[in-house]
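Student: My file is my_file13.cif. It has mmCIF, C-alpha atoms:
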```cif
data_start
loop_
_atom_site.label_atom_id
_atom_site.label_comp_id
_atom_site.auth_asym_id
_atom_site.auth_seq_id
_atom_site.Cartn_x
_atom_site.Cartn_y
_atom_site.Cartn_z
CA MET N 1 -10.81 88.54 -35.77
CA ASN N 2 -13.72 86.68 -37.30
CA ALA N 3 -16.14 84.31 -35.57
CA GLU N 4 -14.04 81.26 -36.43
CA ASP N 5 -10.95 82.83 -34.81
CA LEU N 6 -12.89 83.73 -31.68
CA ASN N 7 -14.09 80.14 -31.40
CA ARG N 8 -10.70 78.54 -32.23
CA TYR N 9 -8.78 80.60 -29.65
CA SER N 10 -11.58 81.02 -27.11
CA ARG N 11 -9.85 79.07 -24.33
CA GLN N 12 -6.83 81.36 -24.28
CA ILE N 13 -8.73 84.56 -25.01
CA LYS N 14 -10.71 83.89 -21.80
CA LEU N 15 -7.51 83.82 -19.73
CA PRO N 16 -7.09 86.69 -17.24
CA GLY N 17 -4.89 89.35 -18.83
CA PHE N 18 -4.89 87.66 -22.26
CA GLY N 19 -7.98 88.72 -24.14
CA ILE N 20 -8.37 89.68 -27.77
CA SER N 21 -5.43 92.09 -27.67
CA ALA N 22 -2.93 89.30 -26.88
CA GLN N 23 -4.45 87.07 -29.55
CA GLU N 24 -4.11 89.81 -32.13
CA LYS N 25 -0.43 90.22 -31.21
CA LEU N 26 0.06 86.51 -31.86
CA GLN N 27 -1.69 86.72 -35.22
CA LYS N 28 0.56 89.61 -36.30
CA ALA N 29 3.78 87.93 -35.12
CA ARG N 30 6.42 86.30 -37.31
CA VAL N 31 8.35 83.50 -35.59
CA LEU N 32 11.24 81.47 -37.02
CA ILE N 33 11.75 77.89 -35.79
CA ILE N 34 15.16 76.45 -36.63
CA GLY N 35 14.90 72.66 -36.74
CA CYS N 36 11.79 70.48 -37.08
CA GLY N 37 13.04 67.59 -34.92
CA GLY N 38 12.69 66.71 -31.25
CA LEU N 39 12.32 70.28 -30.01
CA GLY N 40 10.88 71.66 -33.23
CA SER N 41 7.94 69.24 -33.12
CA PRO N 42 6.26 70.54 -29.93
CA ILE N 43 7.41 74.11 -30.58
CA SER N 44 5.78 74.25 -34.01
CA LEU N 45 2.62 72.39 -32.98
CA TYR N 46 1.90 74.62 -29.99
CA LEU N 47 2.74 77.89 -31.76
CA ALA N 48 0.59 76.92 -34.74
CA ALA N 49 -2.26 75.93 -32.45
CA ALA N 50 -1.92 79.19 -30.48
CA GLY N 51 -2.39 81.18 -33.69
CA VAL N 52 1.02 82.70 -34.35
CA GLY N 53 0.30 84.38 -37.69
CA THR N 54 3.47 83.41 -39.58
CA LEU N 55 5.76 80.51 -38.78
CA GLY N 56 9.07 80.17 -40.60
CA LEU N 57 10.62 76.70 -40.59
CA VAL N 58 14.27 75.87 -41.32
CA GLU N 59 15.06 72.20 -41.95
CA PHE N 60 17.05 70.13 -44.45
CA ASP N 61 16.92 66.56 -43.10
CA ASN N 62 14.65 63.58 -43.86
CA ILE N 63 12.61 61.50 -41.42
CA ASP N 64 14.33 58.43 -39.96
CA LEU N 65 12.59 55.68 -38.01
CA SER N 66 14.76 56.46 -34.97
CA ASN N 67 13.34 60.03 -34.95
CA LEU N 68 9.80 58.95 -34.15
CA GLN N 69 10.48 58.25 -30.46
CA ARG N 70 10.67 62.02 -29.82
CA GLN N 71 9.73 63.82 -33.05
CA ILE N 72 6.01 63.45 -32.51
CA ILE N 73 4.93 65.55 -35.46
CA PHE N 74 5.79 62.68 -37.84
CA THR N 75 4.23 59.25 -38.45
CA SER N 76 5.73 55.87 -39.29
CA ASN N 77 4.55 55.93 -42.91
CA GLN N 78 6.49 59.19 -43.48
CA THR N 79 9.90 57.58 -42.93
CA GLY N 80 12.31 58.78 -45.61
CA GLU N 81 10.27 61.88 -46.44
CA SER N 82 11.39 65.48 -45.97
CA LYS N 83 10.93 66.70 -42.39
CA LEU N 84 10.16 70.17 -43.66
CA ASP N 85 7.47 69.07 -46.11
CA ALA N 86 5.85 66.79 -43.52
CA THR N 87 5.86 69.55 -40.89
CA VAL N 88 4.24 72.05 -43.24
CA ILE N 89 1.45 69.59 -44.06
CA ARG N 90 0.81 68.77 -40.38
CA LEU N 91 0.73 72.40 -39.25
CA LYS N 92 -1.64 73.41 -42.04
CA GLU N 93 -3.92 70.53 -41.02
CA LEU N 94 -3.79 71.74 -37.42
CA ASN N 95 -4.41 75.40 -38.23
CA PRO N 96 -5.13 76.36 -41.87
CA THR N 97 -5.53 80.04 -40.92
CA ILE N 98 -1.81 80.68 -40.33
CA THR N 99 0.98 81.25 -42.87
CA ILE N 100 3.88 78.76 -43.09
CA GLU N 101 7.14 79.86 -44.69
CA PRO N 102 9.42 76.86 -45.35
CA HIS N 103 13.18 77.27 -45.75
CA LYS N 104 14.58 73.99 -47.05
CA ALA N 105 18.20 74.61 -46.13
CA GLN N 106 20.77 74.02 -43.46
CA ILE N 107 21.20 77.24 -41.50
CA SER N 108 24.70 78.57 -42.11
CA ALA N 109 26.86 81.67 -42.00
CA LYS N 110 25.90 82.25 -45.63
CA ASN N 111 22.12 82.38 -45.15
CA ALA N 112 21.43 82.98 -41.43
CA LEU N 113 21.26 86.78 -41.48
CA GLU N 114 19.03 86.86 -44.55
CA ILE N 115 16.60 84.28 -43.14
CA ILE N 116 16.46 85.55 -39.56
CA ASP N 117 16.12 89.23 -40.49
CA ILE N 118 12.47 88.93 -41.57
CA TYR N 119 11.20 87.46 -38.26
CA ASP N 120 10.32 88.93 -34.87
CA VAL N 121 11.40 86.03 -32.65
CA VAL N 122 13.76 83.10 -33.29
CA VAL N 123 13.34 79.72 -31.59
CA ASP N 124 16.35 77.41 -31.54
CA GLY N 125 15.48 73.75 -32.07
CA SER N 126 18.99 72.74 -33.18
CA ASP N 127 21.06 69.94 -31.66
CA ASN N 128 24.71 70.98 -32.01
CA PHE N 129 27.05 73.66 -30.73
CA PRO N 130 28.17 75.23 -34.04
CA THR N 131 24.55 75.93 -34.97
CA ARG N 132 23.73 77.33 -31.52
CA TYR N 133 26.60 79.80 -31.65
CA LEU N 134 25.69 80.72 -35.23
CA ILE N 135 22.05 81.41 -34.35
CA ASN N 136 23.04 83.35 -31.24
CA ASP N 137 25.46 85.60 -33.13
CA ALA N 138 23.00 86.23 -35.96
CA CYS N 139 20.27 87.17 -33.47
CA GLU N 140 22.62 89.49 -31.60
CA ILE N 141 23.74 91.20 -34.82
CA LEU N 142 20.12 91.66 -35.92
CA ASN N 143 18.84 92.39 -32.38
CA LYS N 144 16.31 89.55 -32.38
CA PRO N 145 15.16 87.73 -29.21
CA LEU N 146 16.23 84.09 -29.16
CA VAL N 147 14.37 81.32 -27.34
CA TYR N 148 16.89 78.59 -26.50
CA GLY N 149 16.40 74.95 -25.59
CA ALA N 150 18.67 71.90 -25.35
CA ILE N 151 18.23 68.27 -24.31
CA PHE N 152 20.66 65.54 -23.29
CA GLN N 153 19.69 62.07 -22.08
CA TYR N 154 17.41 62.88 -19.09
CA GLU N 155 18.22 66.58 -18.68
CA GLY N 156 17.14 69.75 -20.42
CA GLN N 157 17.75 73.50 -20.52
CA ALA N 158 15.77 76.54 -21.60
CA ALA N 159 16.39 80.29 -21.67
CA VAL N 160 15.54 83.51 -23.47
CA PHE N 161 18.52 85.40 -24.90
CA ASN N 162 19.04 88.89 -26.28
CA LEU N 163 15.70 90.25 -25.10
CA ASN N 164 15.90 94.00 -24.51
CA GLY N 165 19.63 93.81 -23.82
CA SER N 166 19.52 90.62 -21.73
CA ALA N 167 22.29 88.00 -21.63
CA THR N 168 23.10 85.93 -24.72
CA TYR N 169 24.24 82.36 -25.30
CA ARG N 170 27.84 83.58 -25.37
CA ASP N 171 27.43 85.16 -21.92
CA MET N 172 26.45 81.73 -20.63
CA PHE N 173 28.96 79.71 -22.67
CA PRO N 174 31.82 81.99 -23.82
CA THR N 175 33.67 79.06 -25.36
CA PRO N 176 32.36 75.76 -26.77
CA PRO N 177 33.25 72.40 -25.19
CA PRO N 178 35.78 70.13 -26.93
CA PRO N 179 34.12 68.14 -29.75
CA GLU N 180 34.63 64.85 -27.91
CA MET N 181 32.68 66.25 -24.94
CA ALA N 182 29.67 67.18 -27.07
CA PRO N 183 27.86 63.95 -28.04
CA ASN N 184 24.54 64.10 -29.86
CA CYS N 185 21.29 62.20 -29.29
CA ALA N 186 22.34 59.45 -31.71
CA GLU N 187 25.43 58.70 -29.60
CA SER N 188 24.13 59.27 -26.07
CA GLY N 189 20.38 58.74 -26.33
CA VAL N 190 17.59 60.99 -25.13
CA LEU N 191 14.28 60.54 -23.33
CA GLY N 192 11.57 61.31 -25.87
CA SER N 193 9.21 63.01 -23.42
CA LEU N 194 12.04 65.35 -22.38
CA ALA N 195 11.97 66.88 -25.87
CA GLY N 196 8.25 67.49 -25.42
CA ILE N 197 8.75 69.21 -22.07
CA VAL N 198 11.56 71.52 -23.18
CA GLY N 199 9.95 72.26 -26.55
CA SER N 200 6.70 73.17 -24.80
CA ILE N 201 8.61 75.52 -22.49
CA GLN N 202 10.17 77.18 -25.53
CA ALA N 203 6.74 77.61 -27.13
CA ASN N 204 5.44 79.07 -23.86
CA GLU N 205 8.32 81.57 -23.66
CA THR N 206 7.74 82.61 -27.26
CA ILE N 207 4.08 83.34 -26.54
CA LYS N 208 5.07 85.40 -23.49
CA ILE N 209 7.55 87.46 -25.51
CA ILE N 210 5.01 88.20 -28.24
CA THR N 211 2.10 89.04 -25.91
CA GLY N 212 4.09 90.75 -23.16
CA LEU N 213 2.54 88.50 -20.53
CA GLY N 214 4.47 87.24 -17.53
CA LYS N 215 8.21 87.28 -17.01
CA PRO N 216 10.35 85.63 -19.71
CA LEU N 217 13.36 83.42 -18.91
CA SER N 218 15.81 86.22 -19.70
CA ASN N 219 19.07 86.53 -17.71
CA GLN N 220 18.45 83.06 -16.31
CA LEU N 221 18.85 79.44 -17.35
CA LEU N 222 16.19 76.89 -16.46
CA LEU N 223 17.60 73.43 -15.73
CA LEU N 224 15.40 70.32 -15.77
CA ASP N 225 16.18 66.83 -14.48
CA THR N 226 13.43 64.39 -15.44
CA LEU N 227 14.70 61.55 -13.22
CA GLU N 228 14.42 63.70 -10.11
CA MET N 229 11.64 65.79 -11.68
CA SER N 230 13.42 68.88 -10.44
CA PHE N 231 13.60 72.39 -11.87
CA ARG N 232 16.09 75.06 -10.88
CA LYS N 233 17.19 78.42 -12.25
CA ILE N 234 20.68 79.85 -12.63
CA LYS N 235 21.20 83.58 -13.07
CA ILE N 236 23.13 84.75 -16.13
CA LYS N 237 24.67 88.21 -16.29
CA PRO N 238 25.43 90.02 -19.54
CA ASP N 239 29.18 90.46 -19.93
CA ALA N 240 29.67 94.19 -20.46
CA GLU N 241 33.27 93.63 -21.61
CA ARG N 242 32.45 90.94 -24.15
CA GLN N 243 33.00 92.00 -27.73
CA LYS N 244 29.72 91.85 -29.62
CA PRO N 245 29.72 89.95 -32.92
CA THR N 246 29.60 92.08 -36.04
CA SER N 247 29.79 89.27 -38.60
CA LEU N 248 29.38 85.52 -38.79
CA ILE N 249 32.37 83.17 -38.76
CA ASP N 250 33.22 79.52 -39.49
CA TYR N 251 31.50 77.91 -36.51
CA ASP N 252 32.83 74.42 -37.15
CA VAL N 253 36.35 75.80 -36.78
CA PHE N 254 35.30 77.83 -33.72
CA CYS N 255 33.96 74.66 -32.09
CA GLY N 256 37.06 72.64 -33.01
CA ILE N 257 35.30 70.46 -35.55
CA THR N 258 37.50 69.39 -38.44
CA SER N 259 36.30 69.28 -42.01
CA ASN N 260 34.13 66.31 -42.96
CA SER N 261 35.23 66.37 -46.60
CA GLU N 262 37.77 63.56 -46.14
CA ILE N 263 35.53 61.46 -43.88
CA GLU N 264 32.23 61.56 -45.74
CA ILE N 265 31.54 59.74 -48.99
CA SER N 266 28.84 61.16 -51.24
CA PRO N 267 26.28 58.97 -53.05
CA GLU N 268 28.17 59.51 -56.30
CA GLU N 269 31.50 58.53 -54.73
CA PHE N 270 29.93 55.44 -53.17
CA ILE N 271 28.45 54.30 -56.48
CA GLU N 272 31.84 54.81 -58.13
CA MET N 273 33.56 52.77 -55.41
CA LYS N 274 31.18 49.88 -56.02
CA SER N 275 31.50 50.06 -59.81
CA GLN N 276 35.29 49.97 -59.60
CA ASN N 277 35.18 47.02 -57.19
CA ASP N 278 37.09 49.08 -54.64
CA SER N 279 37.80 46.87 -51.62
CA PHE N 280 35.93 48.00 -48.49
CA THR N 281 33.72 46.69 -45.68
CA LEU N 282 30.26 48.25 -45.52
CA ILE N 283 28.75 48.39 -42.01
CA ASP N 284 25.23 49.49 -41.11
CA ILE N 285 25.44 50.85 -37.53
CA ARG N 286 21.68 51.14 -37.04
CA GLU N 287 19.67 48.80 -34.85
CA GLU N 288 18.77 45.35 -36.21
CA TYR N 289 15.11 46.27 -36.79
CA GLU N 290 16.17 49.32 -38.81
CA HIS N 291 18.49 47.21 -40.95
CA GLU N 292 15.77 44.64 -41.57
CA ALA N 293 13.25 47.31 -42.55
CA PHE N 294 15.53 48.86 -45.18
CA ASN N 295 19.22 48.64 -45.99
CA ILE N 296 21.68 49.08 -48.85
CA GLY N 297 23.72 45.97 -48.09
CA GLY N 298 26.75 45.29 -45.92
CA ILE N 299 26.76 43.83 -42.43
CA ASN N 300 24.77 45.11 -39.47
CA ILE N 301 26.61 46.00 -36.25
CA PRO N 302 24.64 48.35 -33.96
CA MET N 303 26.44 51.54 -33.01
CA GLU N 304 27.07 50.56 -29.38
CA GLU N 305 28.81 47.34 -30.51
CA VAL N 306 31.00 48.76 -33.27
CA LEU N 307 33.86 49.87 -31.06
CA GLU N 308 34.15 46.38 -29.55
CA GLN N 309 34.23 44.59 -32.92
CA ILE N 310 36.06 47.03 -35.18
CA ASP N 311 39.52 45.49 -34.72
CA THR N 312 38.31 42.27 -36.35
CA PHE N 313 38.11 44.13 -39.69
CA SER N 314 41.03 45.29 -41.79
CA GLY N 315 41.23 47.67 -44.71
CA LYS N 316 38.84 50.45 -45.62
CA ILE N 317 35.56 50.55 -43.64
CA VAL N 318 32.48 52.54 -44.68
CA PHE N 319 29.73 53.12 -42.10
CA TYR N 320 26.16 54.12 -42.81
CA CYS N 321 22.97 54.89 -40.87
CA GLY N 322 19.68 56.64 -41.59
CA SER N 323 20.78 60.24 -42.02
CA GLY N 324 24.58 59.94 -41.95
CA GLN N 325 25.01 61.62 -38.55
CA ARG N 326 25.69 58.48 -36.51
CA ALA N 327 28.01 57.12 -39.20
CA LYS N 328 29.99 60.35 -39.26
CA ALA N 329 30.33 60.36 -35.47
CA ILE N 330 31.65 56.77 -35.41
CA ALA N 331 34.08 57.40 -38.27
CA LYS N 332 35.47 60.47 -36.51
CA LYS N 333 35.82 58.66 -33.20
CA LEU N 334 37.65 55.70 -34.76
CA ARG N 335 39.97 57.91 -36.78
CA LYS N 336 40.99 59.62 -33.57
CA SER N 337 41.29 56.51 -31.38
CA HIS N 338 43.11 54.38 -34.00
CA ASN N 339 45.05 57.22 -35.65
CA GLU N 340 44.05 55.80 -39.04
CA ASP N 341 42.21 57.34 -41.97
CA ARG N 342 40.58 54.12 -43.21
CA PHE N 343 37.20 54.89 -41.61
CA TYR N 344 34.52 56.62 -43.68
CA ALA N 345 30.84 57.56 -43.46
CA LEU N 346 28.19 57.64 -46.15
CA LYS N 347 26.84 61.16 -46.47
CA GLY N 348 23.13 61.83 -46.65
CA ASN N 349 19.87 59.92 -46.32
CA LEU N 350 19.71 56.24 -47.29
CA ASN N 351 17.18 56.99 -50.01
CA LEU N 352 19.98 58.70 -51.94
CA PHE N 353 21.88 55.45 -52.46
#
```
Could the structure of this file be written out as structure tokens, please?

Tutor:
Amino acid sequence: MNAEDLNRYSRQIKLPGFGISAQEKLQKARVLIIGCGGLGSPISLYLAAAGVGTLGLVEFDNIDLSNLQRQIIFTSNQTGESKLDATVIRLKELNPTITIEPHKAQISAKNALEIIDIYDVVVDGSDNFPTRYLINDACEILNKPLVYGAIFQYEGQAAVFNLNGSATYRDMFPTPPPPEMAPNCAESGVLGSLAGIVGSIQANETIKIITGLGKPLSNQLLLLDTLEMSFRKIKIKPDAERQKPTSLIDYDVFCGITSNSEIEISPEEFIEMKSQNDSFTLIDIREEYEHEAFNIGGINIPMEEVLEQIDTFSGKIVFYCGSGQRAKAIAKKLRKSHNEDRFYALKGNLNLF
């Protein structure tokens, strides 16, 4: 290390048991962070600041105003920009000595093994069950340690999987919950500071794995309740009889999620609908301030009010939001509750329309 490195990392080098040897391990490490959102923000900031030599980032989404409450790596004037591009810029500003490897893609069964294979540790910043099972299986196949985190409303979880033969995500959750029992942040809400707490824990566990310091959260699940400010641990045992994955599968099907092809409308399809004067009601399900800041037309009914008012509309209904996720969730829920296929969601970021 040079004089600048010694100065930059001096506060952690001085730690008992840390020293230059631990810092050099960090600088040689290659860590992959999947997701640059609520969890990915603190994970990437703290690992970059700590001096992890190479950080891989996987992200495909754009920044929405509703992200900023918890995705602290972004600023208001970056709304609509690529999360990946904005994260790369911020991390290089924070620590120009490290290497950033961006992967502008949605992690999938087609690319997961290829992307994950070149890293030492994988950190899961995703927010849905299909992706969690996908990442877990890929890490188990490639024998990579996985640092897990999840947040929901006021509660969070963290664990380390597949470390030297320790338990995996599938040992903890052998089967996924029904889709209707797995709401996301857009539907159920989340405390922004919770993402910071859990993401920081994940960054901390990653540093411990790389340096060999302390005892990682392997074979145990850390549970956090921010309202009670309580922490507790649950032991997880590896299932010796569980069949290990040898290949990746269709995780949407595994988690009981039906195809979105009939529900989602692409920008091209939407433009064609408008040009042909196809009869439909366009509803923006974002909050009023979001609609006023930028919209593509239609009426504004916030997500929590849609279910109460939907029966006042007849015919085809197209929902939209900032990224398409909330719109897709509402369209799916209404198709199921009304047993009708007249509900659709615009696919993609608003800037595409």

Student: List as a ChimeraX atom specification the protein and nucleic acid residues near N:Ile20, meaning an atom at most 12 Å away when all atoms listed in the file are counted, but skip any in the same chain fewer than 2 places from it.

Tutor: /N:1-2,5-7,9-18,22-27,51,211

Student: Write the residues you've just listed into a file as an mmCIF file, keeping the file's coordinate frame, and include C-alpha atoms for each of them.

Tutor:
```cif
data_model
loop_
_atom_site.group_PDB
_atom_site.id
_atom_site.type_symbol
_atom_site.label_atom_id
_atom_site.label_comp_id
_atom_site.auth_asym_id
_atom_site.auth_seq_id
_atom_site.Cartn_x
_atom_site.Cartn_y
_atom_site.Cartn_z
ATOM 1 C CA MET N 1 -10.810 88.540 -35.770
ATOM 2 C CA ASN N 2 -13.720 86.680 -37.300
ATOM 3 C CA ASP N 5 -10.950 82.830 -34.810
ATOM 4 C CA LEU N 6 -12.890 83.730 -31.680
ATOM 5 C CA ASN N 7 -14.090 80.140 -31.400
ATOM 6 C CA TYR N 9 -8.780 80.600 -29.650
ATOM 7 C CA SER N 10 -11.580 81.020 -27.110
ATOM 8 C CA ARG N 11 -9.850 79.070 -24.330
ATOM 9 C CA GLN N 12 -6.830 81.360 -24.280
ATOM 10 C CA ILE N 13 -8.730 84.560 -25.010
ATOM 11 C CA LYS N 14 -10.710 83.890 -21.800
ATOM 12 C CA LEU N 15 -7.510 83.820 -19.730
ATOM 13 C CA PRO N 16 -7.090 86.690 -17.240
ATOM 14 C CA GLY N 17 -4.890 89.350 -18.830
ATOM 15 C CA PHE N 18 -4.890 87.660 -22.260
ATOM 16 C CA ALA N 22 -2.930 89.300 -26.880
ATOM 17 C CA GLN N 23 -4.450 87.070 -29.550
ATOM 18 C CA GLU N 24 -4.110 89.810 -32.130
ATOM 19 C CA LYS N 25 -0.430 90.220 -31.210
ATOM 20 C CA LEU N 26 0.060 86.510 -31.860
ATOM 21 C CA GLN N 27 -1.690 86.720 -35.220
ATOM 22 C CA GLY N 51 -2.390 81.180 -33.690
ATOM 23 C CA THR N 211 2.100 89.040 -25.910
#
```

Student: Once 3 Å is added on each side, what are the centre and the three edge lengths, in Å to one decimal, of the axis-aligned box enclosing the listed atoms of stretch 19-38 of chain N? Present them as JSON.

Tutor:
```
{"center_x": 3.4, "center_y": 79.4, "center_z": -30.7, "size_x": 29.5, "size_y": 31.4, "size_z": 19.2}
```

Student: So that I can check the surroundings of N:Phe161, please list as a PyMOL selection string every protein, DNA and RNA residue that reaches within 8 Å of it, counting all atoms listed in the file and ignoring chain neighbours fewer than 6 positions away.

Tutor: chain N and resi 145-148+167-169+218-219

Student: Given the choices N:Gly165, N:Gly322, N:Gly149, N:Gly196, which gets closest to N:Ile34 if the distance is worked out from only C-alpha atoms?

Tutor: N:Gly149

Student: Suppose you want the space between atom CA of N:Lys83 and atom CA of N:Asp64; what is it in Å?

Tutor: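 Atom-to-atom, atom CA of N:Lys83 and atom CA of N:Asp64 are spaced 9.3 Å apart.
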
Student: With a distance cut-off of 12 Å and all atoms listed in the file, select the neighbouring residues of N:Arg90, excluding the residue or stretch itself and same-chain residues fewer than 5 positions from it, and output the selection as a PyMOL selection string.

Tutor: chain N and resi 36+41-42+44-46+48-49+72-75+78+83-85+95-96+100

Student: Suppose you want the space between atom CA of N:Ser76 and atom CA of N:Leu32; what is it in Å?

Tutor: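 Going from atom CA of N:Ser76 over to atom CA of N:Leu32, I get 26.3 Å.
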
Student: Let me know the residues the PyMOL selection byres ((chain N and resi 261-267) around 12) catches in the file above, as a ChimeraX atom specification.

Tutor: /N:257-260,268-274,296,316-320,324-336,340-353

Student: Could you work out how far atom CA of N:Phe60 lies from atom CA of N:Leu47, giving the answer in Å with one decimal?

Tutor: 20.6 Å

Student: Can you give me, as JSON, numbers by chain, the residues this file yields under the PyMOL selection byres ((chain N and resi 248) around 8)?

Tutor: {"N": [109, 134, 137, 138, 245, 246, 247, 249, 250]}

Student: Go ahead and write the selection's residues with C-alpha atoms as an mmCIF file, in the frame of the given file.

Tutor:
```
data_model
loop_
_atom_site.group_PDB
_atom_site.id
_atom_site.type_symbol
_atom_site.label_atom_id
_atom_site.label_comp_id
_atom_site.auth_asym_id
_atom_site.auth_seq_id
_atom_site.Cartn_x
_atom_site.Cartn_y
_atom_site.Cartn_z
ATOM 1 C CA ALA N 109 26.860 81.670 -42.000
ATOM 2 C CA LEU N 134 25.690 80.720 -35.230
ATOM 3 C CA ASP N 137 25.460 85.600 -33.130
ATOM 4 C CA ALA N 138 23.000 86.230 -35.960
ATOM 5 C CA PRO N 245 29.720 89.950 -32.920
ATOM 6 C CA THR N 246 29.600 92.080 -36.040
ATOM 7 C CA SER N 247 29.790 89.270 -38.600
ATOM 8 C CA ILE N 249 32.370 83.170 -38.760
ATOM 9 C CA ASP N 250 33.220 79.520 -39.490
#
```

Student: May I have the residues within 9 Å of N:Gln220 as a PyMOL selection string, using all atoms listed in the file and disregarding those fewer than 3 positions away in the same chain?

Tutor: chain N and resi 158-161+167+217+233-237

Student: Expand the PyMOL selection byres ((chain N and resi 197) around 12) into the explicit residue set it covers here, and present it as a PyMOL selection string.

Tutor: chain N and resi 38-43+46+70+149-151+154-158+191-196+198-204+223-226+229+231

Student: Restrict the selected residues to C-alpha atoms and save them as a JSON list (two decimals), in the coordinates of the input.

Tutor:
```
[["chain", "number", "residue", "atom", "x", "y", "z"],
["N", 38, "GLY", "CA", 12.69, 66.71, -31.25],
["N", 39, "LEU", "CA", 12.32, 70.28, -30.01],
["N", 40, "GLY", "CA", 10.88, 71.66, -33.23],
["N", 41, "SER", "CA", 7.94, 69.24, -33.12],
["N", 42, "PRO", "CA", 6.26, 70.54, -29.93],
["N", 43, "ILE", "CA", 7.41, 74.11, -30.58],
["N", 46, "TYR", "CA", 1.90, 74.62, -29.99],
["N", 70, "ARG", "CA", 10.67, 62.02, -29.82],
["N", 149, "GLY", "CA", 16.40, 74.95, -25.59],
["N", 150, "ALA", "CA", 18.67, 71.90, -25.35],
["N", 151, "ILE", "CA", 18.23, 68.27, -24.31],
["N", 154, "TYR", "CA", 17.41, 62.88, -19.09],
["N", 155, "GLU", "CA", 18.22, 66.58, -18.68],
["N", 156, "GLY", "CA", 17.14, 69.75, -20.42],
["N", 157, "GLN", "CA", 17.75, 73.50, -20.52],
["N", 158, "ALA", "CA", 15.77, 76.54, -21.60],
["N", 191, "LEU", "CA", 14.28, 60.54, -23.33],
["N", 192, "GLY", "CA", 11.57, 61.31, -25.87],
["N", 193, "SER", "CA", 9.21, 63.01, -23.42],
["N", 194, "LEU", "CA", 12.04, 65.35, -22.38],
["N", 195, "ALA", "CA", 11.97, 66.88, -25.87],
["N", 196, "GLY", "CA", 8.25, 67.49, -25.42],
["N", 198, "VAL", "CA", 11.56, 71.52, -23.18],
["N", 199, "GLY", "CA", 9.95, 72.26, -26.55],
["N", 200, "SER", "CA", 6.70, 73.17, -24.80],
["N", 201, "ILE", "CA", 8.61, 75.52, -22.49],
["N", 202, "GLN", "CA", 10.17, 77.18, -25.53],
["N", 203, "ALA", "CA", 6.74, 77.61, -27.13],
["N", 204, "ASN", "CA", 5.44, 79.07, -23.86],
["N", 223, "LEU", "CA", 17.60, 73.43, -15.73],
["N", 224, "LEU", "CA", 15.40, 70.32, -15.77],
["N", 225, "ASP", "CA", 16.18, 66.83, -14.48],
["N", 226, "THR", "CA", 13.43, 64.39, -15.44],
["N", 229, "MET", "CA", 11.64, 65.79, -11.68],
["N", 231, "PHE", "CA", 13.60, 72.39, -11.87]]
```
